[in-house]
Amino acid sequence: MSGPWHRPDWRGGCFGFLAVALACTVSFAVVAAVPVPITIMGERVEVPAGTTVAAALGEGRQPEAGDLIDVDGEILEAGAGMPGVYLLNGLQCSPDAQVRPGDYVDVRPGDDIVETIVIEEQLTPAPMELRGSGSFVVVRDQGQPARTTVSRGVVTGRVLGQEERTTATPLSVMRVQYRLSGKRVVLTLDDGPSRPYTSQILDVLKAEGVPAVFFMLGANVAARPDLVKRIAEEGHELANHGYSHTLDEQSDQAEIEEEIAKTARAVEAATGSTTTWFRPPGGALSANMVRAAQEQNHRIALWNVDSLDWSTARGRPSADAIEARVLNPMPESGSVLLFHDGGGNRLATVQALSRIIRTLKDKGYEFCTLTQLAEAAGLRLGS
Ligand SMILES: [Zn+2]
């Protein structure tokens with residue numbers, strides 16, 4: 001063996017090892033990063049292995065949710081419909097599904113949701129048909145509400161269609177005056193009890209020995225139960241004028257019923273008796289007023305002679321003016337006379353009442369309560 005002895009080439013050896021290591025690493029990396037050919041919405045692309053459907057689509061191409069639309073096709077809320085759909089090879093898939101070579105990725109927008117339509121029956125209350133001008137309000141015919149079928153969107157409330165099933169027939173109401181034989185009248189006093197006038201009026205009535213009807217406000221009843229007790233004990237009729245004197249033709253039925261019921265409860269708490277007659281504040285009559293009174297088992301009584309003791313149009317009325325107003329002309333038998341024992345200074349009323357009662361008695365008049373007058377007239381109470 002003759003030949004030159006070569007020192008091993010350490011450097012070459014090192015390079016060789018590095019090259020192999022590098023080759024291994026690169027091939028390994030190449031395997032991991034082998035691009036995956038797919039088709040996204042018709043466009044051929046390559047994505048890294050392991051890419052999800054959502055990632056492959058990228059931000060701008062995610063499927064859009066549908067809208068919430070109304071029955072007319074107008075958008076109520078964009079994006080509030082069904083969610084958008086991811087498609088992998090034509091089939092719905094999870095956005096997290098991984099793509100494979102040759103996959104076809106697409107999206108489909110979510111369906112719109114048309115708001116639910118409900119069909120309901122709508123009742124339009126019968127309008128009131130009022131005739132006459134007497135003191136007693138009598139219901140001749142309850143009437144029928146109009147029945148209409150309405151289809152509407154639940155979200156918008158928009159009406160899609162409606163069809164009237166039956167037409168309304170009116171609530172027929174009559175104000176009647178009972179013409180009684182002889183000479184009988186009813187004294188009614190509104191808006192009390194109040195101090196000091198209610199007591200003064202009670203003194204007058206006691207001195208003359210005549211009954212009256214007190215249409216009391218519930219709030220006053222609750223505040224002055226002692227006066228209410230005295231009214232009851234002295235044989236007068238307790239009647240209902242609502243609680244707060246706020247009702248009018250526009251009041252809804254529930255509100256009126258509550259005012260009547262609250263006042264009746266206050267009267268009952270003070271005296272143990274309830275009320276059966278209701279007089280709306282200001283004599284306001286409406287279908288709601290009539291129905292509320294019926295529901296609360298009260299009859300409505302108004303008046304046919306107004307003393308105008310409440311009117312300040314020409315300054316506070318004098319006792320003379322009140323007296324003249326009531327007695328000129330003399331009231332017909334069966335008349336219901338309107339006075340006030342509350343709601344202001346009623347001194348003139350107290351004075352006038354004393355004189356009016358004496359004059360009427362001198363002329364042969366008798367005084368009764370509303371219930372007595374109605375019974376004498378043959379009105380079936382409680383029916
Ligand atoms: Zn009143």
# chains A, B, ... in the order shown; residues from 1 in each chain; ligands from 1

$ residues_near_ligand --ligand "ligand 1" --cutoff "12 Å" --atoms "only C-alpha atoms and all ligand atoms" --output "PyMOL selection string"
chain A and resi 188-193+214-218+220+239-248+278-284+302-303+308-311+338-344

$ residues_around --residues "region 105-114 of chain A" --least-positions-apart "5" --cutoff "10 Å" --atoms "only C-alpha atoms" --output "PyMOL selection string"
chain A and resi 38-43+53-54+56-57+61-93+99+153+155

$ closest_residue --among "A:Val154, A:Ala264, A:Leu171, A:Leu379" --to "Phe136 (chain A)" --atoms "only C-alpha atoms"
A:Leu379

$ closest_residue --among "A:Ser199, A:Ser307, A:Gln177, A:Ser94" --to "Val326 (chain A)" --atoms "only C-alpha atoms"
A:Ser307

$ select_by_dssp --residues "region 19-114 of chain A" --states "helix (DSSP H, G or I)" --output "PDB file with N, CA, C and O atoms, in the first residue's frame"
ATOM      1  N   ALA A  19     -25.508  19.033   4.169  1.00  0.00           N
ATOM      2  CA  ALA A  19     -26.349  18.959   2.955  1.00  0.00           C
ATOM      3  C   ALA A  19     -27.463  17.941   3.146  1.00  0.00           C
ATOM      4  O   ALA A  19     -28.617  18.190   2.806  1.00  0.00           O
ATOM      5  N   VAL A  20     -27.134  16.823   3.703  1.00  0.00           N
ATOM      6  CA  VAL A  20     -28.140  15.774   3.894  1.00  0.00           C
ATOM      7  C   VAL A  20     -29.224  16.273   4.861  1.00  0.00           C
ATOM      8  O   VAL A  20     -30.416  16.146   4.607  1.00  0.00           O
ATOM      9  N   ALA A  21     -28.743  16.866   5.944  1.00  0.00           N
ATOM     10  CA  ALA A  21     -29.705  17.356   6.946  1.00  0.00           C
ATOM     11  C   ALA A  21     -30.636  18.395   6.340  1.00  0.00           C
ATOM     12  O   ALA A  21     -31.852  18.358   6.541  1.00  0.00           O
ATOM     13  N   LEU A  22     -30.028  19.270   5.538  1.00  0.00           N
ATOM     14  CA  LEU A  22     -30.811  20.343   4.929  1.00  0.00           C
ATOM     15  C   LEU A  22     -31.848  19.754   3.965  1.00  0.00           C
ATOM     16  O   LEU A  22     -33.017  20.133   3.970  1.00  0.00           O
ATOM     17  N   ALA A  23     -31.376  18.781   3.169  1.00  0.00           N
ATOM     18  CA  ALA A  23     -32.275  18.139   2.208  1.00  0.00           C
ATOM     19  C   ALA A  23     -33.460  17.519   2.932  1.00  0.00           C
ATOM     20  O   ALA A  23     -34.615  17.639   2.505  1.00  0.00           O
ATOM     21  N   CYS A  24     -33.149  16.859   4.029  1.00  0.00           N
ATOM     22  CA  CYS A  24     -34.235  16.231   4.798  1.00  0.00           C
ATOM     23  C   CYS A  24     -35.237  17.272   5.261  1.00  0.00           C
ATOM     24  O   CYS A  24     -36.444  17.104   5.124  1.00  0.00           O
ATOM     25  N   THR A  25     -34.701  18.331   5.819  1.00  0.00           N
ATOM     26  CA  THR A  25     -35.568  19.386   6.352  1.00  0.00           C
ATOM     27  C   THR A  25     -36.434  19.960   5.264  1.00  0.00           C
ATOM     28  O   THR A  25     -37.640  20.107   5.408  1.00  0.00           O
ATOM     29  N   VAL A  26     -35.799  20.278   4.112  1.00  0.00           N
ATOM     30  CA  VAL A  26     -36.557  20.890   3.014  1.00  0.00           C
ATOM     31  C   VAL A  26     -37.653  19.972   2.535  1.00  0.00           C
ATOM     32  O   VAL A  26     -38.805  20.364   2.410  1.00  0.00           O
ATOM     33  N   SER A  27     -37.289  18.668   2.334  1.00  0.00           N
ATOM     34  CA  SER A  27     -38.320  17.761   1.821  1.00  0.00           C
ATOM     35  C   SER A  27     -39.463  17.626   2.819  1.00  0.00           C
ATOM     36  O   SER A  27     -40.625  17.547   2.458  1.00  0.00           O
ATOM     37  N   PHE A  28     -39.077  17.652   4.090  1.00  0.00           N
ATOM     38  CA  PHE A  28     -40.102  17.568   5.116  1.00  0.00           C
ATOM     39  C   PHE A  28     -41.039  18.765   5.030  1.00  0.00           C
ATOM     40  O   PHE A  28     -42.257  18.640   5.018  1.00  0.00           O
ATOM     41  N   ALA A  29     -40.412  19.959   4.911  1.00  0.00           N
ATOM     42  CA  ALA A  29     -41.189  21.193   4.821  1.00  0.00           C
ATOM     43  C   ALA A  29     -42.040  21.187   3.572  1.00  0.00           C
ATOM     44  O   ALA A  29     -43.192  21.617   3.581  1.00  0.00           O
ATOM     45  N   VAL A  30     -41.481  20.679   2.500  1.00  0.00           N
ATOM     46  CA  VAL A  30     -42.236  20.653   1.243  1.00  0.00           C
ATOM     47  C   VAL A  30     -43.461  19.765   1.385  1.00  0.00           C
ATOM     48  O   VAL A  30     -44.549  20.109   0.964  1.00  0.00           O
ATOM     49  N   VAL A  31     -43.304  18.654   2.087  1.00  0.00           N
ATOM     50  CA  VAL A  31     -44.451  17.761   2.290  1.00  0.00           C
ATOM     51  C   VAL A  31     -45.539  18.505   3.071  1.00  0.00           C
ATOM     52  O   VAL A  31     -46.704  18.506   2.702  1.00  0.00           O
ATOM     53  N   ALA A  32     -45.117  19.215   4.165  1.00  0.00           N
ATOM     54  CA  ALA A  32     -46.098  19.916   5.006  1.00  0.00           C
ATOM     55  C   ALA A  32     -46.776  21.028   4.243  1.00  0.00           C
ATOM     56  O   ALA A  32     -47.942  21.307   4.461  1.00  0.00           O
ATOM     57  N   VAL A  53     -62.737  25.539   5.563  1.00  0.00           N
ATOM     58  CA  VAL A  53     -63.621  26.119   4.548  1.00  0.00           C
ATOM     59  C   VAL A  53     -63.744  27.623   4.766  1.00  0.00           C
ATOM     60  O   VAL A  53     -63.615  28.425   3.828  1.00  0.00           O
ATOM     61  N   ALA A  54     -63.951  28.021   6.034  1.00  0.00           N
ATOM     62  CA  ALA A  54     -64.130  29.449   6.331  1.00  0.00           C
ATOM     63  C   ALA A  54     -62.862  30.224   5.995  1.00  0.00           C
ATOM     64  O   ALA A  54     -62.911  31.306   5.403  1.00  0.00           O
ATOM     65  N   ALA A  55     -61.695  29.636   6.351  1.00  0.00           N
ATOM     66  CA  ALA A  55     -60.432  30.328   6.095  1.00  0.00           C
ATOM     67  C   ALA A  55     -60.162  30.404   4.604  1.00  0.00           C
ATOM     68  O   ALA A  55     -59.640  31.400   4.094  1.00  0.00           O
ATOM     69  N   ALA A  56     -60.498  29.339   3.873  1.00  0.00           N
ATOM     70  CA  ALA A  56     -60.273  29.323   2.428  1.00  0.00           C
ATOM     71  C   ALA A  56     -61.074  30.439   1.749  1.00  0.00           C
ATOM     72  O   ALA A  56     -60.603  31.086   0.819  1.00  0.00           O
ATOM     73  N   LEU A  57     -62.250  30.668   2.240  1.00  0.00           N
ATOM     74  CA  LEU A  57     -63.103  31.707   1.643  1.00  0.00           C
ATOM     75  C   LEU A  57     -62.554  33.093   1.951  1.00  0.00           C
ATOM     76  O   LEU A  57     -62.664  34.010   1.146  1.00  0.00           O
ATOM     77  N   GLU A  59     -62.125  36.671   4.328  1.00  0.00           N
ATOM     78  CA  GLU A  59     -63.081  37.569   4.966  1.00  0.00           C
ATOM     79  C   GLU A  59     -64.220  38.044   4.065  1.00  0.00           C
ATOM     80  O   GLU A  59     -65.358  38.119   4.477  1.00  0.00           O
ATOM     81  N   GLY A  60     -63.914  38.348   2.839  1.00  0.00           N
ATOM     82  CA  GLY A  60     -64.907  38.985   1.987  1.00  0.00           C
ATOM     83  C   GLY A  60     -65.973  38.079   1.430  1.00  0.00           C
ATOM     84  O   GLY A  60     -66.920  38.556   0.814  1.00  0.00           O
ATOM     85  N   ARG A  61     -65.817  36.769   1.614  1.00  0.00           N
ATOM     86  CA  ARG A  61     -66.737  35.870   0.913  1.00  0.00           C
ATOM     87  C   ARG A  61     -67.533  34.956   1.837  1.00  0.00           C
ATOM     88  O   ARG A  61     -68.036  33.928   1.410  1.00  0.00           O
TER      89      ARG A  61
END

$ residues_around --residues "Leu187 (chain A)" --least-positions-apart "4" --cutoff "7 Å" --atoms "only C-alpha atoms" --output "PyMOL selection string"
chain A and resi 212-213+336-338

$ select_by_dssp --residues "region 266-331 of chain A" --states "strand (DSSP E or B)" --output "number ranges by chain"
A: 277-278, 299-301, 305-306, 313, 315

$ write_last_selection --atoms "N, CA and C atoms" --output "PDB file, in the first residue's frame"
ATOM      1  N   TRP A 277    -126.687  53.824  42.135  1.00  0.00           N
ATOM      2  CA  TRP A 277    -126.867  54.850  41.110  1.00  0.00           C
ATOM      3  C   TRP A 277    -125.531  55.507  40.815  1.00  0.00           C
ATOM      4  N   PHE A 278    -125.289  55.738  39.534  1.00  0.00           N
ATOM      5  CA  PHE A 278    -124.046  56.389  39.106  1.00  0.00           C
ATOM      6  C   PHE A 278    -124.398  57.603  38.257  1.00  0.00           C
ATOM      7  N   ARG A 299    -127.089  51.944  37.873  1.00  0.00           N
ATOM      8  CA  ARG A 299    -127.910  52.619  36.871  1.00  0.00           C
ATOM      9  C   ARG A 299    -127.464  54.063  36.797  1.00  0.00           C
ATOM     10  N   ILE A 300    -127.518  54.600  35.594  1.00  0.00           N
ATOM     11  CA  ILE A 300    -127.094  55.992  35.438  1.00  0.00           C
ATOM     12  C   ILE A 300    -128.297  56.914  35.605  1.00  0.00           C
ATOM     13  N   ALA A 301    -128.132  57.907  36.473  1.00  0.00           N
ATOM     14  CA  ALA A 301    -129.161  58.934  36.624  1.00  0.00           C
ATOM     15  C   ALA A 301    -128.525  60.299  36.386  1.00  0.00           C
ATOM     16  N   VAL A 305    -133.512  69.168  35.722  1.00  0.00           N
ATOM     17  CA  VAL A 305    -133.510  70.574  36.155  1.00  0.00           C
ATOM     18  C   VAL A 305    -132.150  70.872  36.773  1.00  0.00           C
ATOM     19  N   ASP A 306    -131.430  71.783  36.148  1.00  0.00           N
ATOM     20  CA  ASP A 306    -130.089  72.141  36.626  1.00  0.00           C
ATOM     21  C   ASP A 306    -130.184  73.476  37.360  1.00  0.00           C
ATOM     22  N   ALA A 313    -120.227  81.483  35.384  1.00  0.00           N
ATOM     23  CA  ALA A 313    -120.167  82.276  34.146  1.00  0.00           C
ATOM     24  C   ALA A 313    -120.465  83.751  34.414  1.00  0.00           C
ATOM     25  N   GLY A 315    -120.219  85.167  37.568  1.00  0.00           N
ATOM     26  CA  GLY A 315    -119.844  85.283  38.976  1.00  0.00           C
ATOM     27  C   GLY A 315    -120.549  84.191  39.748  1.00  0.00           C
TER      28      GLY A 315
END

$ closest_residue --among "A:Asp203, A:Asp362, A:Glu164, A:Asp141" --to "Thr124 (chain A)" --atoms "only C-alpha atoms"
A:Glu164

$ closest_residue --among "A:Leu205, A:Ala293, A:Ala222, A:Ile260" --to "Phe367 (chain A)" --atoms "only C-alpha atoms"
A:Leu205

$ closest_residue --among "A:Val204, A:Val221, A:Gly364, A:Ser286" --to "Glu234 (chain A)" --atoms "only C-alpha atoms"
A:Val204

$ residues_around --residues "Pro37 (chain A)" --least-positions-apart "3" --cutoff "10 Å" --atoms "only C-alpha atoms" --output "list in words"
Val34, Ile40, Arg44, Val45, Glu46, Val47, Pro48, Ala49, Val99, Arg100, Pro101, Gly102, Asp103 and Tyr104 of chain A

$ closest_residue --among "A:Met128, A:Leu180, A:Val138, A:Ala219" --to "Gln294 (chain A)" --atoms "only C-alpha atoms"
A:Val138

$ atom_distance --atom1 "CA of Arg230 (chain A)" --atom2 "CA of Leu202 (chain A)"
8.3 Å
